[in-house]
>>> print(open('protein16.txt').read())   # compact mmCIF, C-alpha atoms (C1' of nucleotides)
# COMPACT_ATOMS: atom_id res chain seq x y z
CA MET M 346 92.73 -126.92 133.18
CA ASN M 347 92.17 -127.40 136.92
CA ILE M 348 89.88 -125.15 138.87
CA GLY M 349 92.78 -123.20 140.32
CA ALA M 350 94.15 -122.42 136.88
CA ALA M 351 90.68 -121.47 135.66
CA ALA M 352 90.32 -119.19 138.65
CA GLU M 353 93.63 -117.56 137.88
CA ALA M 354 92.78 -117.18 134.21
CA SER M 355 89.31 -115.77 134.80
CA GLY M 356 89.79 -113.73 137.91
CA VAL M 357 86.96 -115.60 139.63
CA ASN M 358 88.18 -117.56 142.61
CA ALA M 359 87.79 -121.31 142.89
CA LYS M 360 85.30 -121.14 145.71
CA MET M 361 83.04 -118.93 143.63
CA ILE M 362 83.39 -121.09 140.55
CA ARG M 363 82.05 -124.05 142.51
CA HIS M 364 79.33 -121.85 143.90
CA TYR M 365 78.20 -120.66 140.47
CA GLU M 366 78.07 -124.27 139.40
CA ALA M 367 76.06 -125.23 142.50
CA ILE M 368 73.43 -122.59 141.88
CA GLY M 369 73.10 -123.61 138.25
CA LEU M 370 74.65 -120.52 136.75
CA LEU M 371 77.25 -122.66 135.04
CA PRO M 372 76.86 -126.16 133.63
CA PRO M 373 78.82 -128.85 135.49
CA PRO M 374 82.23 -129.07 133.85
CA ALA M 375 83.93 -132.23 132.62
CA ARG M 376 85.74 -134.23 135.26
CA ARG M 377 89.08 -135.93 134.97
CA ASP M 378 89.73 -139.45 136.19
CA ASN M 379 90.70 -138.10 139.56
CA SER M 380 87.33 -136.30 139.70
CA TYR M 381 88.98 -132.92 139.35
CA ARG M 382 86.94 -130.39 137.42
CA ASP M 383 88.36 -129.74 133.97
CA TYR M 384 87.90 -126.37 132.32
CA GLY M 385 88.55 -125.15 128.80
CA ALA M 386 88.80 -121.77 127.14
CA GLN M 387 85.04 -121.44 126.76
CA GLU M 388 84.40 -121.89 130.45
CA VAL M 389 87.05 -119.38 131.33
CA HIS M 390 85.41 -117.01 128.90
CA GLU M 391 82.08 -117.41 130.67
CA LEU M 392 83.69 -116.92 134.03
CA ARG M 393 85.21 -113.69 132.87
CA PHE M 394 81.81 -112.60 131.67
CA ILE M 395 80.36 -113.28 135.07
CA GLY M 396 83.17 -111.46 136.82
CA ARG M 397 82.66 -108.37 134.69
CA ALA M 398 78.92 -108.41 135.22
CA ARG M 399 79.51 -108.61 138.98
CA LYS M 400 81.83 -105.61 138.72
CA LEU M 401 78.96 -103.69 137.15
CA GLY M 402 76.85 -104.63 140.13
CA PHE M 403 74.47 -107.05 138.43
CA ALA M 404 72.81 -109.48 140.81
CA MET M 405 73.01 -113.20 140.19
CA PRO M 406 69.55 -113.66 138.60
CA GLU M 407 70.33 -110.82 136.21
CA ILE M 408 73.66 -112.37 135.40
CA ALA M 409 72.00 -115.70 134.75
CA ALA M 410 69.66 -113.99 132.29
CA LEU M 411 72.47 -112.09 130.60
CA LEU M 412 74.51 -115.25 130.32
CA THR M 413 71.64 -117.06 128.65
CA LEU M 414 71.21 -114.21 126.21
CA TRP M 415 74.92 -114.06 125.57
CA ARG M 416 75.01 -117.75 124.72
CA ASP M 417 72.10 -117.32 122.33
CA LYS M 418 73.74 -115.77 119.31
CA GLY M 419 70.39 -114.76 117.83
CA ARG M 420 68.98 -112.97 120.90
CA PRO M 421 67.29 -109.64 120.38
CA SER M 422 69.32 -106.83 121.89
CA ARG M 423 66.03 -105.53 123.26
CA GLU M 424 66.13 -108.19 125.97
CA VAL M 425 69.62 -107.30 127.01
CA LYS M 426 68.86 -103.62 127.05
CA ARG M 427 65.79 -104.19 129.17
CA ILE M 428 67.73 -106.06 131.83
CA ALA M 429 70.54 -103.54 131.85
CA SER M 430 68.12 -100.61 131.98
CA ARG M 431 66.29 -102.03 134.90
CA HIS M 432 69.53 -102.61 136.73
CA LEU M 433 70.59 -99.08 135.91
CA ASP M 434 67.36 -97.69 137.32
CA ASP M 435 67.87 -99.76 140.41
CA LEU M 436 71.43 -98.54 140.81
CA GLU M 437 70.36 -94.94 140.39
CA GLU M 438 67.62 -95.38 142.92
CA ARG M 439 70.06 -96.78 145.45
CA ILE M 440 72.52 -94.02 144.71
CA ALA M 441 69.82 -91.44 145.36
CA VAL M 442 69.00 -93.03 148.70
CA MET M 443 72.63 -93.12 149.71
CA ARG M 444 73.18 -89.54 148.61
CA SER M 445 70.36 -88.34 150.75
CA MET M 446 71.74 -90.29 153.68
CA ALA M 447 75.17 -88.86 153.07
CA SER M 448 74.01 -85.28 152.77
CA ALA M 449 71.98 -85.49 155.96
CA LEU M 450 74.97 -86.97 157.71
CA ARG M 451 77.35 -84.43 156.27
CA ARG M 452 75.28 -81.59 157.65
CA LEU M 453 75.30 -83.21 161.08
CA VAL M 454 79.00 -83.92 161.05
CA GLU M 455 79.72 -80.35 160.07
CA ALA M 456 77.49 -79.06 162.84
CA CYS M 457 79.20 -81.18 165.51
CA HIS M 458 82.10 -79.35 167.06
CA GLY M 459 83.84 -82.62 167.81
CA ASP M 460 85.67 -81.70 170.97
CA GLU M 461 85.47 -82.86 174.57
CA ARG M 462 82.09 -81.26 175.18
CA PRO M 463 79.19 -83.70 175.29
CA ASP M 464 76.58 -81.85 173.29
CA CYS M 465 76.34 -83.14 169.78
CA PRO M 466 73.85 -82.47 166.99
CA ILE M 467 74.43 -85.96 165.63
CA LEU M 468 73.11 -87.61 168.75
CA ASP M 469 70.40 -84.96 169.04
CA ARG M 470 69.19 -85.86 165.62
CA LEU M 471 69.22 -89.57 166.36
CA GLU M 472 67.39 -88.88 169.58
CA GLU M 473 64.80 -86.44 168.35
CA GLY M 474 64.46 -87.44 164.75
CA PHE M 475 63.71 -83.86 163.69
CA MET C 984 54.29 -102.59 177.30
CA ASN C 985 54.45 -105.79 175.27
CA ILE C 986 56.89 -106.22 172.44
CA GLY C 987 54.22 -105.56 169.83
CA ALA C 988 53.30 -102.26 171.40
CA ALA C 989 56.96 -101.31 171.72
CA ALA C 990 57.41 -102.16 168.06
CA GLU C 991 54.47 -99.99 167.13
CA ALA C 992 55.68 -97.14 169.30
CA SER C 993 59.26 -97.25 168.09
CA GLY C 994 58.84 -98.21 164.46
CA VAL C 995 61.18 -101.17 164.92
CA ASN C 996 59.40 -104.45 164.37
CA ALA C 997 59.18 -107.11 167.05
CA LYS C 998 61.43 -109.53 165.22
CA MET C 999 64.16 -106.94 165.06
CA ILE C 1000 63.75 -105.96 168.69
CA ARG C 1001 64.43 -109.55 169.72
CA HIS C 1002 67.33 -109.65 167.31
CA TYR C 1003 68.92 -106.52 168.74
CA GLU C 1004 68.58 -108.04 172.16
CA ALA C 1005 70.12 -111.32 170.99
CA ILE C 1006 73.20 -109.61 169.58
CA GLY C 1007 73.66 -107.61 172.74
CA LEU C 1008 72.76 -104.23 171.31
CA LEU C 1009 70.01 -103.88 173.88
CA PRO C 1010 69.98 -105.12 177.46
CA PRO C 1011 67.47 -107.91 178.14
CA PRO C 1012 64.23 -106.24 179.17
CA ALA C 1013 62.19 -107.07 182.24
CA ARG C 1014 59.85 -110.01 181.91
CA ARG C 1015 56.33 -110.31 183.16
CA ASP C 1016 55.01 -113.36 184.96
CA ASN C 1017 53.98 -114.85 181.67
CA SER C 1018 57.56 -114.38 180.45
CA TYR C 1019 56.51 -111.68 178.04
CA ARG C 1020 59.09 -108.97 177.52
CA ASP C 1021 58.07 -105.72 179.19
CA TYR C 1022 59.21 -102.39 177.75
CA GLY C 1023 59.05 -98.88 179.10
CA ALA C 1024 59.49 -95.42 177.63
CA GLN C 1025 63.26 -95.55 177.88
CA GLU C 1026 63.50 -98.73 175.84
CA VAL C 1027 61.21 -97.34 173.20
CA HIS C 1028 63.38 -94.27 173.10
CA GLU C 1029 66.45 -96.40 172.46
CA LEU C 1030 64.66 -98.37 169.79
CA ARG C 1031 63.76 -95.17 168.02
CA PHE C 1032 67.37 -94.13 168.18
CA ILE C 1033 68.41 -97.38 166.58
CA GLY C 1034 65.78 -97.07 163.89
CA ARG C 1035 66.95 -93.59 162.97
CA ALA C 1036 70.57 -94.65 162.89
CA ARG C 1037 69.63 -97.50 160.55
CA LYS C 1038 67.86 -95.02 158.30
CA LEU C 1039 71.11 -93.10 158.07
CA GLY C 1040 72.80 -96.30 156.98
CA PHE C 1041 74.90 -96.95 160.07
CA ALA C 1042 75.96 -100.57 160.48
CA MET C 1043 75.22 -102.42 163.68
CA PRO C 1044 78.68 -102.09 165.29
CA GLU C 1045 78.56 -98.36 164.64
CA ILE C 1046 75.11 -98.16 166.12
CA ALA C 1047 76.28 -100.05 169.17
CA ALA C 1048 79.05 -97.52 169.64
CA LEU C 1049 76.73 -94.56 169.12
CA LEU C 1050 74.25 -96.02 171.55
CA THR C 1051 76.92 -96.38 174.20
CA LEU C 1052 77.99 -92.79 173.68
CA TRP C 1053 74.43 -91.61 173.74
CA ARG C 1054 73.83 -93.32 177.05
CA ASP C 1055 76.94 -91.69 178.47
CA LYS C 1056 75.80 -88.17 179.12
CA GLY C 1057 79.36 -86.95 179.56
CA ARG C 1058 80.79 -88.36 176.32
CA PRO C 1059 83.02 -86.12 174.26
CA SER C 1060 81.34 -85.16 171.01
CA ARG C 1061 84.68 -85.88 169.38
CA GLU C 1062 83.95 -89.61 169.62
CA VAL C 1063 80.56 -89.28 168.03
CA LYS C 1064 81.90 -87.11 165.26
CA ARG C 1065 84.67 -89.56 164.54
CA ILE C 1066 82.24 -92.45 164.11
CA ALA C 1067 79.88 -90.41 161.98
CA SER C 1068 82.71 -89.06 159.84
CA ARG C 1069 84.06 -92.47 159.18
CA HIS C 1070 80.63 -93.69 158.20
CA LEU C 1071 80.21 -90.67 155.97
CA ASP C 1072 83.50 -91.41 154.23
CA ASP C 1073 82.41 -94.97 153.78
CA LEU C 1074 79.07 -93.91 152.34
CA GLU C 1075 80.75 -91.52 149.96
CA GLU C 1076 83.17 -94.19 148.86
CA ARG C 1077 80.35 -96.57 148.12
CA ILE C 1078 78.43 -93.88 146.31
CA ALA C 1079 81.46 -93.19 144.15
CA VAL C 1080 81.76 -96.87 143.25
CA MET C 1081 78.09 -97.08 142.38
CA ARG C 1082 78.23 -93.91 140.34
CA SER C 1083 81.04 -95.24 138.28
CA MET C 1084 79.14 -98.49 137.77
CA ALA C 1085 76.06 -96.54 136.79
CA SER C 1086 77.81 -94.26 134.37
CA ALA C 1087 79.54 -97.14 132.63
CA LEU C 1088 76.25 -98.92 132.39
CA ARG C 1089 74.41 -95.83 131.19
CA ARG C 1090 76.81 -95.44 128.31
CA LEU C 1091 76.30 -99.05 127.34
CA VAL C 1092 72.54 -98.89 127.60
CA GLU C 1093 72.49 -95.77 125.46
CA ALA C 1094 74.68 -97.43 122.86
CA CYS C 1095 72.47 -100.50 122.61
CA HIS C 1096 69.79 -100.04 119.98
CA GLY C 1097 67.49 -102.41 121.84
CA ASP C 1098 65.61 -103.95 118.95
CA GLU C 1099 65.37 -107.45 117.51
CA ARG C 1100 68.92 -107.42 116.17
CA PRO C 1101 71.38 -109.51 118.17
CA ASP C 1102 74.39 -107.23 118.29
CA CYS C 1103 74.66 -105.43 121.56
CA PRO C 1104 77.41 -103.29 123.07
CA ILE C 1105 76.37 -104.37 126.55
CA LEU C 1106 77.19 -107.99 125.88
CA ASP C 1107 80.26 -106.97 123.90
CA ARG C 1108 81.54 -105.15 126.90
CA LEU C 1109 80.86 -108.03 129.24
CA GLU C 1110 82.56 -110.33 126.78
CA GLU C 1111 85.59 -108.26 125.93
CA GLY C 1112 86.01 -106.21 129.02
CA PHE C 1113 87.43 -103.28 127.07
C1' DA W 859 32.36 -120.17 180.78
C1' DC W 860 33.96 -121.20 176.27
C1' DT W 861 36.06 -120.21 172.02
C1' DA W 862 38.55 -117.75 168.58
C1' DA W 863 41.66 -114.30 167.55
C1' DA W 864 45.53 -111.98 168.54
C1' DC W 865 49.12 -111.88 171.13
C1' DC W 866 53.56 -113.85 173.07
C1' DT W 867 57.59 -117.40 173.52
C1' DT W 868 61.67 -120.11 171.46
C1' DT W 869 63.88 -122.40 167.71
C1' DC W 870 64.97 -123.38 163.10
C1' DC W 871 65.49 -122.02 158.40
C1' DA W 872 66.21 -118.86 154.37
C1' DT W 873 68.05 -115.06 151.95
C1' DC W 874 72.88 -113.40 148.89
C1' DA W 875 77.69 -113.50 147.79
C1' DT W 876 81.49 -114.66 149.93
C1' DG W 877 84.82 -117.21 152.32
C1' DG W 878 86.98 -120.16 156.29
C1' DG W 879 87.99 -124.63 157.67
C1' DA W 880 87.93 -129.70 158.20
C1' DA W 881 88.78 -134.27 156.47
C1' DG W 882 90.43 -136.68 152.93
C1' DG W 883 92.16 -137.88 148.00
C1' DT W 884 95.86 -136.79 144.30
C1' DC W 885 99.85 -135.15 142.16
C1' DA W 886 104.54 -133.24 141.33
C1' DA W 887 109.09 -132.14 142.85
C1' DG W 888 112.85 -132.80 145.97
C1' DC V 133 109.13 -141.43 149.92
C1' DT V 134 107.98 -137.37 151.91
C1' DT V 135 106.33 -132.76 151.57
C1' DG V 136 103.58 -129.36 149.93
C1' DA V 137 100.34 -127.82 146.74
C1' DC V 138 96.65 -129.04 144.70
C1' DC V 139 91.80 -131.03 144.49
C1' DT V 140 87.18 -133.03 146.47
C1' DT V 141 82.81 -132.54 149.48
C1' DC V 142 80.52 -130.85 153.46
C1' DC V 143 79.60 -127.73 157.15
C1' DC V 144 79.53 -123.20 159.07
C1' DA V 145 79.62 -118.03 159.29
C1' DT V 146 78.70 -113.44 157.90
C1' DG V 147 74.39 -109.12 158.51
C1' DA V 148 69.85 -107.62 158.56
C1' DT V 149 65.77 -109.32 157.81
C1' DG V 150 61.89 -112.23 157.88
C1' DG V 151 59.02 -116.77 157.39
C1' DA V 152 57.22 -120.53 159.79
C1' DA V 153 56.50 -123.99 163.26
C1' DA V 154 54.94 -125.42 167.78
C1' DG V 155 53.36 -124.01 171.84
C1' DG V 156 51.69 -120.86 175.82
C1' DT V 157 48.70 -116.53 177.21
C1' DT V 158 45.57 -112.90 177.03
C1' DT V 159 41.57 -110.58 175.37
C1' DA V 160 37.18 -110.03 173.15
C1' DG V 161 32.92 -111.80 171.66
C1' DT V 162 29.27 -114.96 172.30
>>> encode(input="protein16.txt", output="structure tokens")
Amino acid sequence: MNIGAAAEASGVNAKMIRHYEAIGLLPPPARRDNSYRDYGAQEVHELRFIGRARKLGFAMPEIAALLTLWRDKGRPSREVKRIASRHLDDLEERIAVMRSMASALRRLVEACHGDERPDCPILDRLEEGF
Amino acid sequence: MNIGAAAEASGVNAKMIRHYEAIGLLPPPARRDNSYRDYGAQEVHELRFIGRARKLGFAMPEIAALLTLWRDKGRPSREVKRIASRHLDDLEERIAVMRSMASALRRLVEACHGDERPDCPILDRLEEGF
DNA sequence: ACTAAACCTTTCCATCATGGGAAGGTCAAG
DNA sequence: CTTGACCTTCCCATGATGGAAAGGTTTAGT
């Protein structure tokens, strides 16, 4: 299977597949005589795994760790849970930050009359920082 | 006022001040004989504005637009409100995405017993994608 | 007056995930 | 036999941030 077909089958585009190989996330695949990369079902399976982990917002080092654990059929689930929990904490932290940004902004937007007059609580806030 | 002092006074570090100048967000400041950048109260005021906008999560193009409006004392608040509203929508969209990531992950983490046994719903989910 | 520290300058490089584009080789269908 | 759709590698760009080098200047301490 060429890289384009593997991309299609896995949902990870060809550019990214090469990238994941370059950063060592994936082992270099077999090459055909024409030097084209050649992928099989297993590789596509791993690519799918990566794609799903990205959709859950895992960063690349975390994905690398999860992938290693996934390949190791005897891994302790403790390890996996630890990585996922840490990521979850991180996500929740970032959500909290964004929520506080959003609520501050929402108050300002609601307070701004938004017409042709120049006075605006949004700019006041950015100016004064109160 | 040297760049270091302006950084201290505004809370925006010197590296970033030069960067904002380089991307055209700030006009090039006066230079002293020694070619050091020379800042006054107005510049520090603008830097503070930028810092606060960053804290509210505005992206640089948005900040550039807000800064232009802020400088224009006769701007219609409508413009400002429009930019802020759009950013707010964007923030809320991203929060929603992250919340759905987090809740999916939370369910998985809770379902994983996290001991020395190898079976793990987190990996199952990444594998199967159900 | 000399020296060392603490500034300042520019320029280059790196991050992280993603992708555009060039230049060139290969393959399949018309 | 040409055309178009692949593939290859390599370089560059993003956005916000910062590290580091190599060099000039100012300030403080002796």
>>> interface_residues(input="protein16.txt", of="chain W", to="chain M", cutoff="9 Å", atoms="all atoms listed in the file", output="MDAnalysis selection string")
chainID W and resid 874:877 883:884
>>> closest_residue(input="protein16.txt", among="C:Gly994, C:Gln1025, C:Pro1011, C:Asp1016", to="V:DT157", atoms="all atoms listed in the file")
C:Asp1016
>>> atom_distance(input="protein16.txt", atom1="atom CA of C:Glu1029", atom2="atom CA of M:Ala449")
20.5 Å
>>> closest_atom_pairs(input="protein16.txt", of="chain V", to="chain M", cutoff="10 Å", atoms="only C-alpha atoms (C1' of nucleotides)", output="JSON lines")
{"residue": "V:DC138", "atom": "C1'", "partner": "M:Gly349", "partner_atom": "CA", "distance": 8.3}
{"residue": "V:DC139", "atom": "C1'", "partner": "M:Tyr381", "partner_atom": "CA", "distance": 6.2}
{"residue": "V:DT140", "atom": "C1'", "partner": "M:Tyr381", "partner_atom": "CA", "distance": 7.3}
>>> calpha_fit_rmsd(input="protein16.txt", fixed="chain C", moving="chain M")
0.1 Å
>>> atom_distance(input="protein16.txt", atom1="atom C1' of W:DA872", atom2="atom C1' of V:DG151")
8.1 Å
>>> residues_around(input="protein16.txt", residues="M:Leu436", least_positions_apart="4", cutoff="12 Å", atoms="all atoms listed in the file", output="mmCIF file with C-alpha atoms, keeping the file's coordinate frame")
data_model
loop_
_atom_site.group_PDB
_atom_site.id
_atom_site.type_symbol
_atom_site.label_atom_id
_atom_site.label_comp_id
_atom_site.auth_asym_id
_atom_site.auth_seq_id
_atom_site.Cartn_x
_atom_site.Cartn_y
_atom_site.Cartn_z
ATOM 1 C CA LEU M 401 78.960 -103.690 137.150
ATOM 2 C CA GLY M 402 76.850 -104.630 140.130
ATOM 3 C CA PHE M 403 74.470 -107.050 138.430
ATOM 4 C CA ALA M 404 72.810 -109.480 140.810
ATOM 5 C CA ALA M 429 70.540 -103.540 131.850
ATOM 6 C CA SER M 430 68.120 -100.610 131.980
ATOM 7 C CA ARG M 431 66.290 -102.030 134.900
ATOM 8 C CA HIS M 432 69.530 -102.610 136.730
ATOM 9 C CA ILE M 440 72.520 -94.020 144.710
ATOM 10 C CA ALA M 441 69.820 -91.440 145.360
ATOM 11 C CA VAL M 442 69.000 -93.030 148.700
ATOM 12 C CA MET M 443 72.630 -93.120 149.710
ATOM 13 C CA ARG C 1077 80.350 -96.570 148.120
ATOM 14 C CA ILE C 1078 78.430 -93.880 146.310
ATOM 15 C CA ALA C 1079 81.460 -93.190 144.150
ATOM 16 C CA VAL C 1080 81.760 -96.870 143.250
ATOM 17 C CA MET C 1081 78.090 -97.080 142.380
ATOM 18 C CA ARG C 1082 78.230 -93.910 140.340
ATOM 19 C CA SER C 1083 81.040 -95.240 138.280
ATOM 20 C CA MET C 1084 79.140 -98.490 137.770
ATOM 21 C CA ALA C 1085 76.060 -96.540 136.790
ATOM 22 C CA SER C 1086 77.810 -94.260 134.370
ATOM 23 C CA ALA C 1087 79.540 -97.140 132.630
ATOM 24 C CA LEU C 1088 76.250 -98.920 132.390
ATOM 25 C CA ARG C 1089 74.410 -95.830 131.190
#
>>> closest_atom_pairs(input="protein16.txt", of="chain C", to="chain M", cutoff="7 Å", atoms="all atoms listed in the file", output="tab-separated table")
residue	atom	partner	partner_atom	distance
C:Phe1032	CA	M:Leu471	CA	5.2
C:Arg1035	CA	M:Leu471	CA	5.7
C:Ala1036	CA	M:Leu471	CA	6.3
C:Leu1039	CA	M:Met446	CA	5.3
C:Gly1040	CA	M:Met446	CA	6.9
C:Trp1053	CA	M:Leu468	CA	6.5
C:Lys1056	CA	M:Pro463	CA	6.8
C:Gly1057	CA	M:Pro463	CA	5.4
C:Arg1058	CA	M:Pro463	CA	5.0
C:Pro1059	CA	M:Glu461	CA	4.1
C:Ser1060	CA	M:Gly459	CA	4.8
C:Arg1061	CA	M:Gly459	CA	3.7
C:Lys1064	CA	M:Gly459	CA	5.5
C:Ala1067	CA	M:Val454	CA	6.6
C:Ser1068	CA	M:Val454	CA	6.5
C:Leu1071	CA	M:Ala447	CA	6.1
C:Leu1074	CA	M:Ala447	CA	6.4
C:Glu1075	CA	M:Ala447	CA	6.9
C:Ile1078	CA	M:Ile440	CA	6.1
C:Met1081	CA	M:Ile440	CA	6.8
C:Met1084	CA	M:Leu401	CA	5.2
C:Ala1085	CA	M:Leu433	CA	6.1
C:Leu1088	CA	M:Leu433	CA	6.7
C:Arg1089	CA	M:Leu433	CA	6.9
C:Val1092	CA	M:Lys426	CA	6.0
C:Cys1095	CA	M:Lys426	CA	6.5
C:Gly1097	CA	M:Arg423	CA	3.7
C:Asp1098	CA	M:Arg423	CA	4.6
C:Glu1099	CA	M:Pro421	CA	4.1
C:Arg1100	CA	M:Pro421	CA	5.0
C:Pro1101	CA	M:Pro421	CA	4.7
C:Asp1102	CA	M:Ser422	CA	6.2
C:Cys1103	CA	M:Ser422	CA	5.5
C:Leu1106	CA	M:Trp415	CA	6.5
C:Leu1109	CA	M:Phe394	CA	5.3
C:Glu1110	CA	M:Phe394	CA	5.4
C:Gly1112	CA	M:Arg397	CA	6.9
>>> atom_distance(input="protein16.txt", atom1="atom C1' of W:DT867", atom2="atom C1' of V:DA154")
10.2 Å
>>> residues_near_point(input="protein16.txt", point="(71.5, -112.0, 157.2)", cutoff="9 Å", atoms="all atoms listed in the file", output="ChimeraX atom specification")
/W:873-874 /V:146-149
>>> write_last_selection(input="protein16.txt", atoms="C-alpha atoms (C1' of nucleotides)", output="short mmCIF file (atom, residue, chain, number, x, y, z; two decimals), in the frame of the given file")
data_model
loop_
_atom_site.label_atom_id
_atom_site.label_comp_id
_atom_site.auth_asym_id
_atom_site.auth_seq_id
_atom_site.Cartn_x
_atom_site.Cartn_y
_atom_site.Cartn_z
"C1'" DT W 873 68.05 -115.06 151.95
"C1'" DC W 874 72.88 -113.40 148.89
"C1'" DT V 146 78.70 -113.44 157.90
"C1'" DG V 147 74.39 -109.12 158.51
"C1'" DA V 148 69.85 -107.62 158.56
"C1'" DT V 149 65.77 -109.32 157.81
#
>>> residues_around(input="protein16.txt", residues="W:DT861", least_positions_apart="2", cutoff="12 Å", atoms="all atoms listed in the file", output="NGL selection string")
(:W and (859 or 863)) or (:V and (159-162))
>>> residues_around(input="protein16.txt", residues="V:DG136", least_positions_apart="5", cutoff="12 Å", atoms="only C-alpha atoms (C1' of nucleotides)", output="VMD selection string")
chain W and resid 885 to 888
>>> residues_around(input="protein16.txt", residues="W:DT869", least_positions_apart="5", cutoff="12 Å", atoms="all atoms listed in the file", output="VMD selection string")
chain V and resid 152 to 155
>>> write_last_selection(input="protein16.txt", atoms="C-alpha atoms (C1' of nucleotides)", output="PDB file, in the coordinates of the input")
ATOM      1  C1'  DA V 152      57.220-120.530 159.790  1.00  0.00           C
ATOM      2  C1'  DA V 153      56.500-123.990 163.260  1.00  0.00           C
ATOM      3  C1'  DA V 154      54.940-125.420 167.780  1.00  0.00           C
ATOM      4  C1'  DG V 155      53.360-124.010 171.840  1.00  0.00           C
TER       5       DG V 155
END
>>> decode(input="protein16.txt", residues="stretch 441-452 of chain M", atoms="N, CA, C and O atoms", output="compact mmCIF listing (two decimals), in the first residue's frame")
# COMPACT_ATOMS: atom_id res chain seq x y z
N ALA M 441 -10.24 25.75 32.23
CA ALA M 441 -10.55 26.72 33.28
C ALA M 441 -10.01 28.09 32.90
O ALA M 441 -10.70 29.11 33.07
N VAL M 442 -8.79 28.12 32.38
CA VAL M 442 -8.20 29.39 31.97
C VAL M 442 -9.05 30.04 30.87
O VAL M 442 -9.39 31.23 30.93
N MET M 443 -9.42 29.24 29.90
CA MET M 443 -10.20 29.79 28.79
C MET M 443 -11.59 30.23 29.25
O MET M 443 -12.11 31.23 28.76
N ARG M 444 -12.15 29.51 30.18
CA ARG M 444 -13.47 29.91 30.69
C ARG M 444 -13.39 31.25 31.41
O ARG M 444 -14.28 32.08 31.30
N SER M 445 -12.29 31.45 32.12
CA SER M 445 -12.24 32.71 32.84
C SER M 445 -11.97 33.86 31.86
O SER M 445 -12.54 34.95 32.00
N MET M 446 -11.19 33.58 30.84
CA MET M 446 -11.05 34.57 29.76
C MET M 446 -12.41 34.88 29.16
O MET M 446 -12.79 36.03 28.98
N ALA M 447 -13.13 33.83 28.80
CA ALA M 447 -14.39 34.01 28.09
C ALA M 447 -15.40 34.76 28.96
O ALA M 447 -16.13 35.62 28.46
N SER M 448 -15.42 34.46 30.26
CA SER M 448 -16.45 35.12 31.05
C SER M 448 -16.11 36.60 31.24
O SER M 448 -16.99 37.44 31.21
N ALA M 449 -14.81 36.89 31.39
CA ALA M 449 -14.43 38.30 31.49
C ALA M 449 -14.82 39.03 30.20
O ALA M 449 -15.38 40.13 30.22
N LEU M 450 -14.55 38.37 29.09
CA LEU M 450 -14.83 39.00 27.80
C LEU M 450 -16.34 39.14 27.58
O LEU M 450 -16.81 40.13 27.03
N ARG M 451 -17.07 38.15 28.02
CA ARG M 451 -18.51 38.19 27.82
C ARG M 451 -19.13 39.39 28.56
O ARG M 451 -19.98 40.09 28.03
N ARG M 452 -18.63 39.59 29.77
CA ARG M 452 -19.13 40.74 30.53
C ARG M 452 -18.85 42.05 29.79
O ARG M 452 -19.70 42.92 29.67
